[in-house]
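Source file input_13.cif; content: mmCIF, C-alpha atoms; chains and numbers go by the auth columns.
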```
data_coords
#
loop_
_atom_site.group_PDB
_atom_site.id
_atom_site.type_symbol
_atom_site.label_atom_id
_atom_site.label_comp_id
_atom_site.label_asym_id
_atom_site.label_seq_id
_atom_site.Cartn_x
_atom_site.Cartn_y
_atom_site.Cartn_z
_atom_site.B_iso_or_equiv
_atom_site.auth_seq_id
_atom_site.auth_asym_id
ATOM 1 C CA MET A 1 21.472 -2.705 14.739 0.00 271 A
ATOM 2 C CA LYS A 2 20.578 -3.315 18.376 0.00 272 A
ATOM 3 C CA ARG A 3 18.303 -6.192 19.243 0.00 273 A
ATOM 4 C CA GLY A 4 15.584 -3.834 20.531 0.00 274 A
ATOM 5 C CA SER A 5 15.722 -1.856 17.298 0.00 275 A
ATOM 6 C CA MET A 6 15.303 -5.045 15.254 0.00 276 A
ATOM 7 C CA ALA A 7 12.298 -6.061 17.329 0.00 277 A
ATOM 8 C CA ALA A 8 10.730 -2.625 16.895 0.00 278 A
ATOM 9 C CA ALA A 9 11.363 -2.684 13.149 0.00 279 A
ATOM 10 C CA THR A 10 9.835 -6.157 12.884 0.00 280 A
ATOM 11 C CA ALA A 11 6.795 -5.053 14.875 0.00 281 A
ATOM 12 C CA ARG A 12 6.334 -2.021 12.580 0.00 282 A
ATOM 13 C CA ARG A 13 6.520 -4.256 9.509 0.00 283 A
ATOM 14 C CA LEU A 14 3.931 -6.637 10.957 0.00 284 A
ATOM 15 C CA VAL A 15 1.566 -3.761 11.737 0.00 285 A
ATOM 16 C CA THR A 16 2.071 -2.385 8.220 0.00 286 A
ATOM 17 C CA TRP A 17 1.311 -5.786 6.642 0.00 287 A
ATOM 18 C CA ALA A 18 -1.747 -6.189 8.870 0.00 288 A
ATOM 19 C CA LEU A 19 -3.057 -2.802 7.721 0.00 289 A
ATOM 20 C CA ILE A 20 -2.438 -3.711 4.079 0.00 290 A
ATOM 21 C CA ALA A 21 -4.239 -7.039 4.566 0.00 291 A
ATOM 22 C CA ALA A 22 -7.186 -5.254 6.144 0.00 292 A
ATOM 23 C CA ALA A 23 -7.316 -2.792 3.247 0.00 293 A
ATOM 24 C CA CYS A 24 -7.223 -5.640 0.720 0.00 294 A
ATOM 25 C CA SER A 25 -9.910 -7.653 2.435 0.00 295 A
ATOM 26 C CA SER A 26 -12.267 -4.707 2.599 0.00 296 A
ATOM 27 C CA GLY A 27 -12.878 -5.200 -1.147 0.00 297 A
ATOM 28 C CA ALA A 28 -14.673 -8.517 -0.704 0.00 298 A
ATOM 29 C CA ALA A 29 -16.749 -7.152 2.130 0.00 299 A
ATOM 30 C CA GLY A 30 -17.803 -4.294 -0.140 0.00 300 A
ATOM 31 C CA GLY A 31 -19.585 -6.704 -2.492 0.00 301 A
ATOM 32 C CA LYS A 32 -17.142 -6.412 -5.387 0.00 302 A
ATOM 33 C CA THR A 33 -17.565 -9.244 -7.893 0.00 303 A
ATOM 34 C CA VAL A 34 -16.333 -10.375 -11.275 0.00 304 A
ATOM 35 C CA THR A 35 -17.955 -13.016 -13.462 0.00 305 A
ATOM 36 C CA VAL A 36 -15.818 -15.751 -14.977 0.00 306 A
ATOM 37 C CA ASN A 37 -17.446 -17.122 -18.158 0.00 307 A
ATOM 38 C CA SER A 38 -16.273 -20.535 -19.282 0.00 308 A
ATOM 39 C CA SER A 39 -16.574 -21.704 -22.884 0.00 309 A
ATOM 40 C CA SER A 40 -18.918 -24.415 -21.579 0.00 310 A
ATOM 41 C CA GLY A 41 -21.441 -21.669 -20.843 0.00 311 A
ATOM 42 C CA GLU A 42 -21.069 -21.532 -17.057 0.00 312 A
ATOM 43 C CA ALA A 43 -20.910 -18.037 -15.537 0.00 313 A
ATOM 44 C CA VAL A 44 -19.385 -18.006 -12.052 0.00 314 A
ATOM 45 C CA LYS A 45 -19.522 -14.945 -9.819 0.00 315 A
ATOM 46 C CA VAL A 46 -16.383 -14.462 -7.740 0.00 316 A
ATOM 47 C CA GLY A 47 -16.301 -12.118 -4.750 0.00 317 A
ATOM 48 C CA VAL A 48 -13.004 -10.273 -5.001 0.00 318 A
ATOM 49 C CA GLU A 49 -10.718 -8.243 -2.841 0.00 319 A
ATOM 50 C CA LEU A 50 -8.960 -5.531 -4.802 0.00 320 A
ATOM 51 C CA ALA A 51 -5.209 -5.015 -4.937 0.00 321 A
ATOM 52 C CA THR A 52 -4.699 -1.645 -6.638 0.00 322 A
ATOM 53 C CA THR A 53 -1.608 -0.220 -4.919 0.00 323 A
ATOM 54 C CA PRO A 54 1.990 -1.437 -5.061 0.00 324 A
ATOM 55 C CA GLU A 55 1.770 -2.462 -1.409 0.00 325 A
ATOM 56 C CA SER A 56 -1.479 -4.413 -1.721 0.00 326 A
ATOM 57 C CA ARG A 57 -0.286 -6.091 -4.921 0.00 327 A
ATOM 58 C CA ALA A 58 3.005 -7.092 -3.235 0.00 328 A
ATOM 59 C CA PHE A 59 1.159 -8.579 -0.241 0.00 329 A
ATOM 60 C CA GLY A 60 -1.559 -10.323 -2.271 0.00 330 A
ATOM 61 C CA LEU A 61 -2.869 -13.455 -0.584 0.00 331 A
ATOM 62 C CA MET A 62 0.258 -14.152 1.440 0.00 332 A
ATOM 63 C CA TYR A 63 -0.173 -15.822 4.836 0.00 333 A
ATOM 64 C CA ARG A 64 -3.788 -16.854 4.165 0.00 334 A
ATOM 65 C CA GLN A 65 -4.752 -20.246 5.551 0.00 335 A
ATOM 66 C CA GLU A 66 -7.834 -20.598 3.350 0.00 336 A
ATOM 67 C CA LEU A 67 -9.786 -19.005 0.535 0.00 337 A
ATOM 68 C CA GLY A 68 -13.476 -19.451 -0.178 0.00 338 A
ATOM 69 C CA THR A 69 -14.652 -21.470 -3.171 0.00 339 A
ATOM 70 C CA ASN A 70 -15.920 -18.415 -5.075 0.00 340 A
ATOM 71 C CA ALA A 71 -13.565 -15.853 -3.573 0.00 341 A
ATOM 72 C CA GLY A 72 -10.402 -14.313 -4.893 0.00 342 A
ATOM 73 C CA MET A 73 -8.223 -11.284 -5.319 0.00 343 A
ATOM 74 C CA LEU A 74 -8.227 -9.057 -8.383 0.00 344 A
ATOM 75 C CA PHE A 75 -4.940 -7.302 -9.037 0.00 345 A
ATOM 76 C CA VAL A 76 -5.319 -4.095 -11.030 0.00 346 A
ATOM 77 C CA PHE A 77 -2.207 -2.491 -12.498 0.00 347 A
ATOM 78 C CA PRO A 78 -1.996 1.113 -13.728 0.00 348 A
ATOM 79 C CA GLN A 79 -0.989 0.044 -17.243 0.00 349 A
ATOM 80 C CA LYS A 80 -0.732 -3.016 -19.420 0.00 350 A
ATOM 81 C CA GLU A 81 2.672 -4.679 -18.934 0.00 351 A
ATOM 82 C CA PRO A 82 4.106 -8.172 -18.723 0.00 352 A
ATOM 83 C CA GLN A 83 3.399 -9.392 -15.179 0.00 353 A
ATOM 84 C CA GLN A 84 5.073 -12.065 -13.105 0.00 354 A
ATOM 85 C CA PHE A 85 3.735 -13.605 -9.912 0.00 355 A
ATOM 86 C CA TRP A 86 5.136 -16.192 -7.509 0.00 356 A
ATOM 87 C CA MET A 87 3.897 -17.897 -4.385 0.00 357 A
ATOM 88 C CA HIS A 88 6.359 -16.486 -1.832 0.00 358 A
ATOM 89 C CA ASN A 89 4.737 -16.740 1.627 0.00 359 A
ATOM 90 C CA THR A 90 1.474 -17.902 0.039 0.00 360 A
ATOM 91 C CA GLN A 91 0.365 -20.940 2.001 0.00 361 A
ATOM 92 C CA ILE A 92 -2.473 -22.249 -0.161 0.00 362 A
ATOM 93 C CA PRO A 93 -2.469 -23.408 -3.803 0.00 363 A
ATOM 94 C CA LEU A 94 -4.024 -20.893 -6.158 0.00 364 A
ATOM 95 C CA ASP A 95 -5.146 -20.656 -9.758 0.00 365 A
ATOM 96 C CA ILE A 96 -3.729 -17.498 -11.338 0.00 366 A
ATOM 97 C CA LEU A 97 -5.534 -16.017 -14.348 0.00 367 A
ATOM 98 C CA TYR A 98 -3.786 -13.318 -16.376 0.00 368 A
ATOM 99 C CA ILE A 99 -6.480 -11.212 -18.061 0.00 369 A
ATOM 100 C CA ARG A 100 -6.251 -8.974 -21.129 0.00 370 A
ATOM 101 C CA ASP A 101 -7.979 -5.595 -21.304 0.00 371 A
ATOM 102 C CA ASP A 102 -10.777 -7.165 -23.367 0.00 372 A
ATOM 103 C CA GLY A 103 -11.476 -9.640 -20.520 0.00 373 A
ATOM 104 C CA LYS A 104 -10.028 -12.701 -22.265 0.00 374 A
ATOM 105 C CA VAL A 105 -7.893 -15.006 -20.174 0.00 375 A
ATOM 106 C CA ALA A 106 -4.366 -14.894 -21.596 0.00 376 A
ATOM 107 C CA ARG A 107 -2.730 -17.506 -19.346 0.00 377 A
ATOM 108 C CA ILE A 108 -3.649 -19.732 -16.411 0.00 378 A
ATOM 109 C CA TYR A 109 -1.401 -21.267 -13.799 0.00 379 A
ATOM 110 C CA ALA A 110 -3.394 -23.996 -12.060 0.00 380 A
ATOM 111 C CA ARG A 111 -2.872 -25.268 -8.519 0.00 381 A
ATOM 112 C CA THR A 112 0.309 -23.319 -7.964 0.00 382 A
ATOM 113 C CA THR A 113 2.847 -24.636 -5.472 0.00 383 A
ATOM 114 C CA PRO A 114 2.567 -22.900 -2.072 0.00 384 A
ATOM 115 C CA MET A 115 5.659 -21.037 -0.823 0.00 385 A
ATOM 116 C CA SER A 116 7.427 -21.311 -4.198 0.00 386 A
ATOM 117 C CA ASP A 117 9.592 -18.497 -5.541 0.00 387 A
ATOM 118 C CA THR A 118 9.386 -19.859 -9.094 0.00 388 A
ATOM 119 C CA PRO A 119 8.300 -17.023 -11.421 0.00 389 A
ATOM 120 C CA LEU A 120 4.945 -17.451 -13.165 0.00 390 A
ATOM 121 C CA PRO A 121 5.015 -14.940 -16.071 0.00 391 A
ATOM 122 C CA SER A 122 1.981 -13.657 -17.934 0.00 392 A
ATOM 123 C CA GLY A 123 3.602 -14.232 -21.333 0.00 393 A
ATOM 124 C CA GLU A 124 2.164 -10.973 -22.642 0.00 394 A
ATOM 125 C CA PRO A 125 1.238 -7.511 -21.347 0.00 395 A
ATOM 126 C CA VAL A 126 -1.853 -7.550 -19.100 0.00 396 A
ATOM 127 C CA ARG A 127 -3.423 -5.145 -16.636 0.00 397 A
ATOM 128 C CA PHE A 128 -5.496 -7.586 -14.576 0.00 398 A
ATOM 129 C CA VAL A 129 -4.713 -10.752 -12.655 0.00 399 A
ATOM 130 C CA LEU A 130 -7.243 -12.867 -10.774 0.00 400 A
ATOM 131 C CA GLU A 131 -6.155 -15.278 -8.048 0.00 401 A
ATOM 132 C CA VAL A 132 -8.681 -17.888 -6.928 0.00 402 A
ATOM 133 C CA LYS A 133 -8.580 -21.113 -4.950 0.00 403 A
ATOM 134 C CA GLY A 134 -6.486 -23.862 -6.532 0.00 404 A
ATOM 135 C CA GLY A 135 -8.657 -26.114 -8.684 0.00 405 A
ATOM 136 C CA PHE A 136 -11.225 -23.388 -9.428 0.00 406 A
ATOM 137 C CA CYS A 137 -10.498 -23.420 -13.178 0.00 407 A
ATOM 138 C CA ALA A 138 -10.399 -27.216 -13.550 0.00 408 A
ATOM 139 C CA ASP A 139 -13.620 -27.616 -11.565 0.00 409 A
ATOM 140 C CA ARG A 140 -15.412 -25.196 -13.917 0.00 410 A
ATOM 141 C CA SER A 141 -13.651 -26.030 -17.214 0.00 411 A
ATOM 142 C CA ILE A 142 -12.171 -22.529 -17.436 0.00 412 A
ATOM 143 C CA LYS A 143 -9.487 -22.273 -20.099 0.00 413 A
ATOM 144 C CA VAL A 144 -7.274 -19.739 -21.838 0.00 414 A
ATOM 145 C CA GLY A 145 -9.506 -17.674 -24.145 0.00 415 A
ATOM 146 C CA ASP A 146 -12.495 -17.734 -21.781 0.00 416 A
ATOM 147 C CA THR A 147 -13.608 -14.361 -20.469 0.00 417 A
ATOM 148 C CA VAL A 148 -13.797 -12.501 -17.193 0.00 418 A
ATOM 149 C CA ASP A 149 -16.399 -9.744 -16.937 0.00 419 A
ATOM 150 C CA LEU A 150 -14.774 -7.149 -14.689 0.00 420 A
ATOM 151 C CA GLY A 151 -17.667 -4.692 -14.866 0.00 421 A
ATOM 152 C CA ASP A 152 -16.837 -1.349 -13.242 0.00 422 A
ATOM 153 C CA LEU A 153 -13.686 -2.861 -11.729 0.00 423 A
ATOM 154 C CA ALA A 154 -12.058 -2.595 -15.174 0.00 424 A
ATOM 155 C CA ARG A 155 -11.942 1.141 -14.457 0.00 425 A
ATOM 156 C CA ALA A 156 -10.666 0.843 -10.889 0.00 426 A
ATOM 157 C CA PRO A 157 -7.922 3.383 -10.279 0.00 427 A
ATOM 158 C CA ALA A 158 -4.518 1.818 -9.695 0.00 428 A
ATOM 159 C CA SER A 159 -1.244 3.318 -8.618 0.00 429 A
#
```
In structure tokens, how does this file's structure come out?
Amino acid sequence: MKRGSMAAATARRLVTWALIAAACSSGAAGGKTVTVNSSSGEAVKVGVELATTPESRAFGLMYRQELGTNAGMLFVFPQKEPQQFWMHNTQIPLDILYIRDDGKVARIYARTTPMSDTPLPSGEPVRFVLEVKGGFCADRSIKVGDTVDLGDLARAPAS
């Protein structure tokens, strides 16, 4: 491939990723929230961006420099399946919560390692995954078995 062609292809990819990022971030601006309920009785509202397409789920929170204390991304899959995330091109530590259809947290990965390609499997079929700022779960005593109230987002269409 010619050098000019590579530069054009790279530019197209960057524009595509920028459009995907903009689409993802529109979810938080739209006032979408979930409530994480810890067994200690604390209910924490989290403003979420939605990732409901293969492209938005693949991009996730990559390249972000920061994430708000009560902000995150909710990944919605079309069907319940074992999921596996990693931190490729993700620059900040995250807590990853794998969530069952009934809202119970099935598995948590706390303070994940930025830029790591180590797989972080759900351990069971799930349809929802919530990524929040690293330390979110420890700071609020959120554990496996606690619940996440997804509200209407539990019915969000996903492709």
So how many Å separate atom CA of A:Phe398 and atom CA of A:Leu367, to one decimal?
8.4 Å
Nearest residue to A:Met357 out of A:Ile369, A:Gly330, A:Met385, A:Ile378, using all atoms listed in the file?
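Distance minimum relative to A:Met357 lands on A:Met385.
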Residues within 12 Å of A:Thr388, please, as a list in words. Count all atoms listed in the file; anything in the same chain fewer than 4 positions from it doesn't count.
Gln354, Phe355, Trp356, Met357, His358, Tyr379, Thr382, Thr383 and Pro384 of chain A
Which distance in Å separates atom CA of A:Ser308 and atom CA of A:Arg327, to one decimal?
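A separation of 25.9 Å between them.
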Written as a list of chain:residue names, what is the full residue list that the PyMOL selection byres ((chain A and resi 404-421) around 8) yields on the file shown?
A:Thr303, A:Val304, A:Thr305, A:Val306, A:Asn307, A:Ser308, A:Ser309, A:Ser310, A:Glu312, A:Thr339, A:Ile362, A:Pro363, A:Leu364, A:Asp365, A:Ile369, A:Gly373, A:Lys374, A:Val375, A:Ala376, A:Arg377, A:Ile378, A:Ala380, A:Arg381, A:Thr382, A:Val402, A:Lys403, A:Asp422, A:Leu423, A:Ala424
Go through A:Gly317, A:Pro427, A:Gly301, A:Pro395 and flag the residue nearest A:Met343, using only C-alpha atoms for the distances.
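Among the listed residues, A:Gly317 lies closest to A:Met343.
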Please, what distance in Å, to one decimal, runs between atom CA of A:Asp372 and atom CA of A:Lys350?
11.6 Å
